[in-house]
Amino acid sequence: MHANLIGGQWLAGAGVAVNVNPSDTRDIVGEYAQADPAQARQAVDAASQAFESWSHSTPQQRFDVLDAVGTTLLARRAELGDLLAREEGKTLPEATGEVARAGQIFKFFAGEALRLTGDAVSSVRPGVGVEVTREPIGVVTAITPWNFPIAIPAWKIAPALAYGNTVVFKPAELVPGSAWALAEVLANSGLPAGVFNLVMGRGAVVGPALTEDPRVAAVTFTGSAATGQRLAAAASTRGTKMQLEMGGKNPLVVLDDADLEVAVHCAVQSAFYSTGQRCTAASRLIVTDAIHDRFVAAVVKRLQSLTVADARSVGTDIGPVVDEVQLRIDLDYIASARAEGAHLAFGGEARPSDAQGHPGHYLLPTLFTETHNTMRISREEVFGPVANVIRVRDYAEALAVANDTQFGLSSGICTTSLKHASHFKRHAQAGMVMVNVATAGVDYHVPFGGRKASSHGPREQGRYAAEFYTTVKTAYTAA
Ligand code: ADP
């Protein structure tokens, strides 16, 4: 049984949850402790006690710990990638790449601990000096989703620790394995007890103790819009600092002048890889008239060549959906698109097992055409390998349709026109814009985040992360 980490101790929980492999539901990945609210409060106690000394640690101490974590993750990428693929269902290359990314993130923020600077400013008054510095904020609760079981925790935990905060980490119920492995690496990398704590358990059970305690200075959350909005409403009454990353309904515009190969690659990669289970997945393919039919035919041809199978089998392009609940949600959206008159161009079917007979939650990549931006399939995030093509007249209509959504995370365009690319970069209502690259797949040293209902609070990643994980102090000194 894998225990929670609280105040430097590995502690059994009030219950146990079983982690099941979505590629082969006969395979049990492991058993993981489930905390109750009292244990969650104990973790907040430990983190607030540890804050006093960790907030005064030297940048060198913080660099050493984070750099060691990064080195270990990179060295163990194959082993931890296999665990990640086994519990989440993304393919081995994707999972191994994600573990490597987590390692790079820890190394980046190790460096950031050394690079944090302030400003010395001349006062407008004679004989006074002004300094502007950044200080840690306190206990940070990090709540993460199941779709990036190690990269998202890394991009929350690494900056929190780099800037001198202490952390209580609550991973998603479906993927405790990668979270526990990361906690073990952190525990063995020289962190003082209580600086980092792992609380596994159901959000509804441990969530309030981890987000509503007045000793929690900040909550960083990635997950569904419904949960994020609930957390924000509760936090606003207490003034807790909040960073929320929620859904997307990301458009990929394909113009007549696009390079067809590039457009097909961007669409298939963005919409269907990682089983479409990325908040940056392109799900609305907005295509102008003259290229529409050629584009659809080429995407369908590419989809026919993809292998949907066990995430850990060699040659798999797309693994299973994460669990039965998510598969049912995906199938419900597929049924609703058909009911609204969308044409099913490819896929649409679940498979109870792969070609090797592994029982799992398999779903063929699914493409709809003849859809409108008003249909439910165009308005709501599916979070599965499902995309729909919306036919438009020209660039102006494409841009209008792309922006006609409640979300604003990632927005892409495939075109060879400098004029349209430049205009789109300026006018896409999204936090991230992609020109001739997939909407999903980002760098770790630049800001990540969105607009509208996709995000709330300061950006994640890169040096912009300091905005959330530090608070600014202005000090005046008379000479
Ligand atoms: P999804 O599972 O669809 O990604 P959720 O928003 O349900 O989206 O879950 C994201 C994370 O939020 C998970 O770690 C989950 O346990 C957590 N969570 C769910 N409900 C709450 C809550 N009331 N308080 C705190 N965390 C929660």
# chains A, B, ... in the order shown; residues from 1 in each chain; ligands from 1
>>> closest_atom_pairs(of="chain A", to="ligand 1", cutoff="9 Å", atoms="only C-alpha atoms and all ligand atoms", output="Markdown table")
| residue | atom | partner | partner_atom_place_in_ligand_line | distance |
| --- | --- | --- | --- | --- |
| A:Ala142 | CA | ligand 1 | 14 (O) | 8.8 |
| A:Ile143 | CA | ligand 1 | 14 (O) | 5.1 |
| A:Thr144 | CA | ligand 1 | 14 (O) | 4.6 |
| A:Pro145 | CA | ligand 1 | 10 (C) | 4.3 |
| A:Trp146 | CA | ligand 1 | 4 (O) | 5.8 |
| A:Asn147 | CA | ligand 1 | 4 (O) | 7.1 |
| A:Lys170 | CA | ligand 1 | 14 (O) | 6.0 |
| A:Pro171 | CA | ligand 1 | 14 (O) | 4.8 |
| A:Ala172 | CA | ligand 1 | 14 (O) | 3.4 |
| A:Glu173 | CA | ligand 1 | 16 (O) | 5.7 |
| A:Leu174 | CA | ligand 1 | 2 (O) | 8.2 |
| A:Met200 | CA | ligand 1 | 16 (O) | 8.7 |
| A:Gly201 | CA | ligand 1 | 16 (O) | 7.1 |
| A:Arg202 | CA | ligand 1 | 16 (O) | 5.1 |
| A:Gly203 | CA | ligand 1 | 16 (O) | 3.5 |
| A:Ala204 | CA | ligand 1 | 23 (N) | 4.3 |
| A:Val205 | CA | ligand 1 | 23 (N) | 7.4 |
| A:Val206 | CA | ligand 1 | 25 (C) | 6.8 |
| A:Gly207 | CA | ligand 1 | 25 (C) | 3.4 |
| A:Pro208 | CA | ligand 1 | 24 (N) | 5.6 |
| A:Ala209 | CA | ligand 1 | 24 (N) | 8.5 |
| A:Leu210 | CA | ligand 1 | 25 (C) | 7.2 |
| A:Thr211 | CA | ligand 1 | 25 (C) | 6.7 |
| A:Phe221 | CA | ligand 1 | 12 (O) | 7.0 |
| A:Thr222 | CA | ligand 1 | 10 (C) | 6.1 |
| A:Gly223 | CA | ligand 1 | 10 (C) | 3.9 |
| A:Ser224 | CA | ligand 1 | 6 (O) | 3.8 |
| A:Ala225 | CA | ligand 1 | 6 (O) | 6.7 |
| A:Ala226 | CA | ligand 1 | 6 (O) | 6.5 |
| A:Thr227 | CA | ligand 1 | 6 (O) | 4.5 |
| A:Gly228 | CA | ligand 1 | 6 (O) | 6.4 |
| A:Arg230 | CA | ligand 1 | 23 (N) | 7.2 |
| A:Leu231 | CA | ligand 1 | 24 (N) | 6.5 |
| A:Met246 | CA | ligand 1 | 6 (O) | 8.0 |
| A:Gln326 | CA | ligand 1 | 3 (O) | 8.3 |
| A:Phe383 | CA | ligand 1 | 3 (O) | 8.4 |
>>> closest_atom_pairs(of="range 275-341 of chain A", to="range 426-448 of chain A", cutoff="10 Å", atoms="only C-alpha atoms", output="CSV")
residue,atom,partner,partner_atom,distance
A:Gly276,CA,A:Ala440,CA,9.6
A:Arg278,CA,A:Ala440,CA,7.3
A:Cys279,CA,A:Ala440,CA,8.0
A:Thr280,CA,A:Ala440,CA,4.8
A:Ala281,CA,A:Ala440,CA,5.4
A:Ala282,CA,A:Thr439,CA,6.0
A:Ser283,CA,A:Thr439,CA,9.8
>>> write_last_selection(atoms="N, CA, C and O atoms", output="mmCIF file, in the first residue's frame")
data_model
loop_
_atom_site.group_PDB
_atom_site.id
_atom_site.type_symbol
_atom_site.label_atom_id
_atom_site.label_comp_id
_atom_site.auth_asym_id
_atom_site.auth_seq_id
_atom_site.Cartn_x
_atom_site.Cartn_y
_atom_site.Cartn_z
ATOM 1 N N GLY A 276 -6.981 12.686 -27.081
ATOM 2 C CA GLY A 276 -7.755 13.938 -27.044
ATOM 3 C C GLY A 276 -7.955 14.466 -25.640
ATOM 4 O O GLY A 276 -8.721 15.408 -25.435
ATOM 5 N N ARG A 278 -6.523 16.418 -23.525
ATOM 6 C CA ARG A 278 -5.657 17.549 -23.181
ATOM 7 C C ARG A 278 -6.509 18.812 -23.209
ATOM 8 O O ARG A 278 -7.340 18.969 -24.112
ATOM 9 N N CYS A 279 -6.291 19.706 -22.252
ATOM 10 C CA CYS A 279 -7.112 20.912 -22.257
ATOM 11 C C CYS A 279 -6.751 21.801 -23.450
ATOM 12 O O CYS A 279 -7.519 22.673 -23.825
ATOM 13 N N THR A 280 -5.603 21.544 -24.082
ATOM 14 C CA THR A 280 -5.214 22.299 -25.271
ATOM 15 C C THR A 280 -5.573 21.565 -26.574
ATOM 16 O O THR A 280 -5.185 22.004 -27.658
ATOM 17 N N ALA A 281 -6.286 20.448 -26.474
ATOM 18 C CA ALA A 281 -6.661 19.693 -27.682
ATOM 19 C C ALA A 281 -7.498 20.572 -28.600
ATOM 20 O O ALA A 281 -8.362 21.319 -28.149
ATOM 21 N N ALA A 282 -7.254 20.463 -29.914
ATOM 22 C CA ALA A 282 -8.126 21.153 -30.871
ATOM 23 C C ALA A 282 -9.354 20.282 -31.067
ATOM 24 O O ALA A 282 -9.243 19.102 -31.388
ATOM 25 N N SER A 283 -10.518 20.845 -30.848
ATOM 26 C CA SER A 283 -11.723 20.039 -31.036
ATOM 27 C C SER A 283 -12.638 20.639 -32.096
ATOM 28 O O SER A 283 -13.501 19.962 -32.623
#
>>> atom_distance(atom1="CA of Phe424 in chain A", atom2="CA of Leu409 in chain A")
14.5 Å
>>> closest_residue(among="A:Trp155, A:Thr240, A:Phe51, A:Leu260", to="Thr416 in chain A", atoms="only C-alpha atoms")
A:Leu260
>>> residues_around(residues="Ala267 in chain A", least_positions_apart="2", cutoff="12 Å", atoms="only C-alpha atoms", output="NGL selection string")
:A and (250-254 or 260-265 or 269-273 or 276 or 281-287 or 295-296 or 298-300 or 302-303 or 365 or 367 or 385-389 or 411-414 or 434 or 436-440)
>>> residues_around(residues="Asp82 in chain A", least_positions_apart="5", cutoff="8 Å", atoms="only C-alpha atoms", output="PDB file with all heavy atoms, in the first residue's frame")
ATOM      1  N   LEU A  92       3.398   5.060 -24.484  1.00  0.00           N
ATOM      2  CA  LEU A  92       4.707   5.091 -23.818  1.00  0.00           C
ATOM      3  C   LEU A  92       5.566   6.278 -24.240  1.00  0.00           C
ATOM      4  O   LEU A  92       6.140   6.956 -23.380  1.00  0.00           O
ATOM      5  CB  LEU A  92       5.470   3.795 -24.089  1.00  0.00           C
ATOM      6  CG  LEU A  92       5.401   2.709 -23.026  1.00  0.00           C
ATOM      7  CD1 LEU A  92       6.335   1.586 -23.420  1.00  0.00           C
ATOM      8  CD2 LEU A  92       5.762   3.251 -21.658  1.00  0.00           C
ATOM      9  N   ALA A  95       4.150   9.281 -22.551  1.00  0.00           N
ATOM     10  CA  ALA A  95       4.306   9.230 -21.097  1.00  0.00           C
ATOM     11  C   ALA A  95       5.759   9.455 -20.689  1.00  0.00           C
ATOM     12  O   ALA A  95       6.054  10.178 -19.728  1.00  0.00           O
ATOM     13  CB  ALA A  95       3.800   7.880 -20.582  1.00  0.00           C
ATOM     14  N   THR A  96       6.683   8.849 -21.430  1.00  0.00           N
ATOM     15  CA  THR A  96       8.105   9.029 -21.129  1.00  0.00           C
ATOM     16  C   THR A  96       8.494  10.488 -21.346  1.00  0.00           C
ATOM     17  O   THR A  96       9.244  11.074 -20.557  1.00  0.00           O
ATOM     18  CB  THR A  96       8.944   8.097 -22.033  1.00  0.00           C
ATOM     19  OG1 THR A  96       8.436   6.778 -21.877  1.00  0.00           O
ATOM     20  CG2 THR A  96      10.409   8.120 -21.666  1.00  0.00           C
ATOM     21  N   ARG A 312       0.844   0.687 -23.696  1.00  0.00           N
ATOM     22  CA  ARG A 312       2.239   0.262 -23.538  1.00  0.00           C
ATOM     23  C   ARG A 312       2.685  -0.690 -24.641  1.00  0.00           C
ATOM     24  O   ARG A 312       3.821  -1.168 -24.623  1.00  0.00           O
ATOM     25  CB  ARG A 312       2.445  -0.365 -22.173  1.00  0.00           C
ATOM     26  CG  ARG A 312       2.316   0.697 -21.072  1.00  0.00           C
ATOM     27  CD  ARG A 312       1.797   0.098 -19.783  1.00  0.00           C
ATOM     28  NE  ARG A 312       2.810  -0.590 -19.038  1.00  0.00           N
ATOM     29  CZ  ARG A 312       2.588  -1.695 -18.322  1.00  0.00           C
ATOM     30  NH1 ARG A 312       1.403  -2.268 -18.343  1.00  0.00           N
ATOM     31  NH2 ARG A 312       3.545  -2.247 -17.625  1.00  0.00           N
TER      32      ARG A 312
END
>>> residues_around(residues="Ser353 in chain A", least_positions_apart="4", cutoff="12 Å", atoms="only C-alpha atoms", output="PyMOL selection string")
chain A and resi 22-26+308-310+319-321+349+357-364
>>> write_last_selection(atoms="all heavy atoms", output="tab-separated table (two decimals), in the first residue's frame")
chain	number	residue	atom	x	y	z
A	22	PRO	N	-6.26	1.46	-17.46
A	22	PRO	CA	-7.37	1.60	-18.41
A	22	PRO	C	-7.14	0.83	-19.73
A	22	PRO	O	-8.08	0.60	-20.48
A	22	PRO	CB	-7.44	3.10	-18.68
A	22	PRO	CG	-6.08	3.62	-18.38
A	22	PRO	CD	-5.52	2.73	-17.30
A	23	SER	N	-5.88	0.43	-20.00
A	23	SER	CA	-5.59	-0.36	-21.20
A	23	SER	C	-5.90	-1.84	-20.99
A	23	SER	O	-6.00	-2.60	-21.95
A	23	SER	CB	-4.11	-0.26	-21.57
A	23	SER	OG	-3.74	1.04	-21.90
A	24	ASP	N	-5.94	-2.25	-19.72
A	24	ASP	CA	-6.20	-3.65	-19.40
A	24	ASP	C	-6.76	-3.68	-17.98
A	24	ASP	O	-6.00	-3.66	-17.00
A	24	ASP	CB	-4.90	-4.47	-19.48
A	24	ASP	CG	-5.17	-5.96	-19.32
A	24	ASP	OD1	-6.22	-6.31	-18.74
A	24	ASP	OD2	-4.34	-6.76	-19.78
A	25	THR	N	-8.07	-3.71	-17.91
A	25	THR	CA	-8.71	-3.52	-16.60
A	25	THR	C	-8.51	-4.71	-15.66
A	25	THR	O	-8.91	-4.65	-14.50
A	25	THR	CB	-10.22	-3.22	-16.78
A	25	THR	OG1	-10.77	-4.22	-17.65
A	25	THR	CG2	-10.45	-1.85	-17.39
A	26	ARG	N	-7.85	-5.77	-16.15
A	26	ARG	CA	-7.51	-6.87	-15.24
A	26	ARG	C	-6.27	-6.52	-14.42
A	26	ARG	O	-5.97	-7.16	-13.42
A	26	ARG	CB	-7.19	-8.15	-16.04
A	26	ARG	CG	-8.34	-8.65	-16.89
A	26	ARG	CD	-7.88	-9.67	-17.90
A	26	ARG	NE	-6.85	-9.14	-18.80
A	26	ARG	CZ	-6.38	-9.75	-19.88
A	26	ARG	NH1	-6.86	-10.93	-20.24
A	26	ARG	NH2	-5.45	-9.19	-20.64
A	308	VAL	N	-5.28	2.05	-32.39
A	308	VAL	CA	-5.83	2.31	-31.05
A	308	VAL	C	-5.66	1.03	-30.25
A	308	VAL	O	-6.25	-0.01	-30.59
A	308	VAL	CB	-7.32	2.69	-31.14
A	308	VAL	CG1	-7.90	2.96	-29.74
A	308	VAL	CG2	-7.52	3.91	-32.04
A	309	ALA	N	-4.82	1.06	-29.23
A	309	ALA	CA	-4.51	-0.18	-28.51
A	309	ALA	C	-3.90	0.14	-27.16
A	309	ALA	O	-3.80	1.32	-26.77
A	309	ALA	CB	-3.54	-1.02	-29.35
A	310	ASP	N	-3.50	-0.93	-26.46
A	310	ASP	CA	-2.85	-0.80	-25.15
A	310	ASP	C	-1.77	0.27	-25.22
A	310	ASP	O	-0.90	0.24	-26.10
A	310	ASP	CB	-2.25	-2.16	-24.78
A	310	ASP	CG	-1.78	-2.22	-23.33
A	310	ASP	OD1	-1.11	-1.25	-22.89
A	310	ASP	OD2	-2.07	-3.21	-22.65
A	319	GLY	N	-4.00	5.51	-27.07
A	319	GLY	CA	-4.35	4.58	-25.99
A	319	GLY	C	-5.83	4.69	-25.66
A	319	GLY	O	-6.61	5.34	-26.38
A	320	PRO	N	-6.23	4.07	-24.56
A	320	PRO	CA	-7.65	4.08	-24.19
A	320	PRO	C	-8.07	5.40	-23.57
A	320	PRO	O	-7.23	6.23	-23.20
A	320	PRO	CB	-7.72	2.97	-23.14
A	320	PRO	CG	-6.37	3.04	-22.48
A	320	PRO	CD	-5.40	3.35	-23.59
A	321	VAL	N	-9.37	5.57	-23.42
A	321	VAL	CA	-9.94	6.64	-22.60
A	321	VAL	C	-9.62	6.30	-21.15
A	321	VAL	O	-9.48	5.13	-20.79
A	321	VAL	CB	-11.46	6.72	-22.87
A	321	VAL	CG1	-12.17	7.64	-21.91
A	321	VAL	CG2	-11.71	7.12	-24.33
A	349	GLU	N	-17.11	4.69	-32.49
A	349	GLU	CA	-17.40	3.43	-31.79
A	349	GLU	C	-16.43	3.17	-30.66
A	349	GLU	O	-15.23	3.40	-30.81
A	349	GLU	CB	-17.16	2.25	-32.74
A	349	GLU	CG	-18.25	1.97	-33.71
A	349	GLU	CD	-17.70	1.02	-34.76
A	349	GLU	OE1	-17.10	-0.02	-34.38
A	349	GLU	OE2	-17.83	1.33	-35.95
A	357	GLY	N	-6.61	-8.40	-27.36
A	357	GLY	CA	-7.57	-8.92	-26.39
A	357	GLY	C	-7.47	-8.30	-25.01
A	357	GLY	O	-8.04	-8.83	-24.05
A	358	HIS	N	-6.76	-7.18	-24.88
A	358	HIS	CA	-6.69	-6.52	-23.57
A	358	HIS	C	-8.00	-5.76	-23.31
A	358	HIS	O	-8.33	-4.84	-24.07
A	358	HIS	CB	-5.52	-5.53	-23.52
A	358	HIS	CG	-4.21	-6.18	-23.71
A	358	HIS	ND1	-3.03	-5.49	-23.84
A	358	HIS	CD2	-3.86	-7.50	-23.77
A	358	HIS	CE1	-2.02	-6.32	-24.00
A	358	HIS	NE2	-2.51	-7.55	-23.97
A	359	PRO	N	-8.74	-6.11	-22.27
A	359	PRO	CA	-10.00	-5.40	-22.03
A	359	PRO	C	-9.75	-3.98	-21.50
A	359	PRO	O	-9.03	-3.80	-20.51
A	359	PRO	CB	-10.69	-6.27	-20.96
A	359	PRO	CG	-9.59	-7.01	-20.29
A	359	PRO	CD	-8.47	-7.16	-21.27
A	360	GLY	N	-10.29	-2.98	-22.19
A	360	GLY	CA	-10.04	-1.59	-21.77
A	360	GLY	C	-11.08	-0.66	-22.35
A	360	GLY	O	-12.01	-1.08	-23.05
A	361	HIS	N	-10.89	0.63	-22.08
A	361	HIS	CA	-11.90	1.63	-22.48
A	361	HIS	C	-11.51	2.27	-23.81
A	361	HIS	O	-11.14	3.44	-23.86
A	361	HIS	CB	-12.01	2.70	-21.39
A	361	HIS	CG	-12.13	2.14	-20.01
A	361	HIS	ND1	-13.21	1.40	-19.61
A	361	HIS	CD2	-11.29	2.18	-18.95
A	361	HIS	CE1	-13.05	1.02	-18.35
A	361	HIS	NE2	-11.88	1.48	-17.93
A	362	TYR	N	-11.55	1.49	-24.88
A	362	TYR	CA	-11.07	1.98	-26.17
A	362	TYR	C	-12.16	2.72	-26.94
A	362	TYR	O	-13.32	2.31	-26.94
A	362	TYR	CB	-10.52	0.81	-27.00
A	362	TYR	CG	-9.32	0.18	-26.32
A	362	TYR	CD1	-9.45	-0.99	-25.58
A	362	TYR	CD2	-8.08	0.81	-26.37
A	362	TYR	CE1	-8.36	-1.54	-24.91
A	362	TYR	CE2	-6.98	0.26	-25.71
A	362	TYR	CZ	-7.13	-0.90	-24.98
A	362	TYR	OH	-6.05	-1.43	-24.33
A	363	LEU	N	-11.74	3.77	-27.60
A	363	LEU	CA	-12.66	4.55	-28.43
A	363	LEU	C	-11.93	4.96	-29.69
A	363	LEU	O	-10.81	5.51	-29.62
A	363	LEU	CB	-13.13	5.80	-27.65
A	363	LEU	CG	-14.05	6.77	-28.39
A	363	LEU	CD1	-15.36	6.10	-28.78
A	363	LEU	CD2	-14.34	8.00	-27.51
A	364	LEU	N	-12.53	4.69	-30.85
A	364	LEU	CA	-11.89	5.10	-32.10
A	364	LEU	C	-11.86	6.63	-32.18
A	364	LEU	O	-12.81	7.28	-31.73
A	364	LEU	CB	-12.68	4.56	-33.29
A	364	LEU	CG	-12.72	3.04	-33.46
A	364	LEU	CD1	-13.50	2.67	-34.73
A	364	LEU	CD2	-11.30	2.47	-33.54
>>> select_by_dssp(residues="range 15-109 of chain A", states="strand (DSSP E or B)", output="ChimeraX atom specification")
/A:15-20,28-34
>>> residues_around(residues="Thr471 in chain A", least_positions_apart="5", cutoff="8 Å", atoms="only C-alpha atoms", output="PyMOL selection string")
chain A and resi 134-137
>>> closest_residue(among="A:Ala33, A:Val44, A:Ala160, A:Leu80", to="Pro214 in chain A", atoms="only C-alpha atoms")
A:Val44
>>> select_by_dssp(residues="range 71-225 of chain A", states="helix (DSSP H, G or I)", output="JSON, numbers by chain")
{"A": [71, 72, 73, 74, 75, 77, 78, 79, 80, 81, 82, 83, 84, 85, 86, 87, 88, 92, 93, 94, 95, 96, 97, 98, 99, 100, 101, 102, 103, 104, 105, 106, 107, 108, 109, 110, 111, 112, 113, 114, 115, 151, 152, 153, 154, 155, 156, 157, 158, 159, 160, 161, 162, 176, 177, 178, 179, 180, 181, 182, 183, 184, 185, 186, 187, 203, 204, 205, 206, 207, 208, 209, 210, 211, 225]}
>>> residues_around(residues="range 368-375 of chain A", least_positions_apart="6", cutoff="8 Å", atoms="only C-alpha atoms", output="ChimeraX atom specification")
/A:337,340-346,386-391,401,404
>>> atom_distance(atom1="CA of Leu182 in chain A", atom2="CA of Ala40 in chain A")
18.6 Å
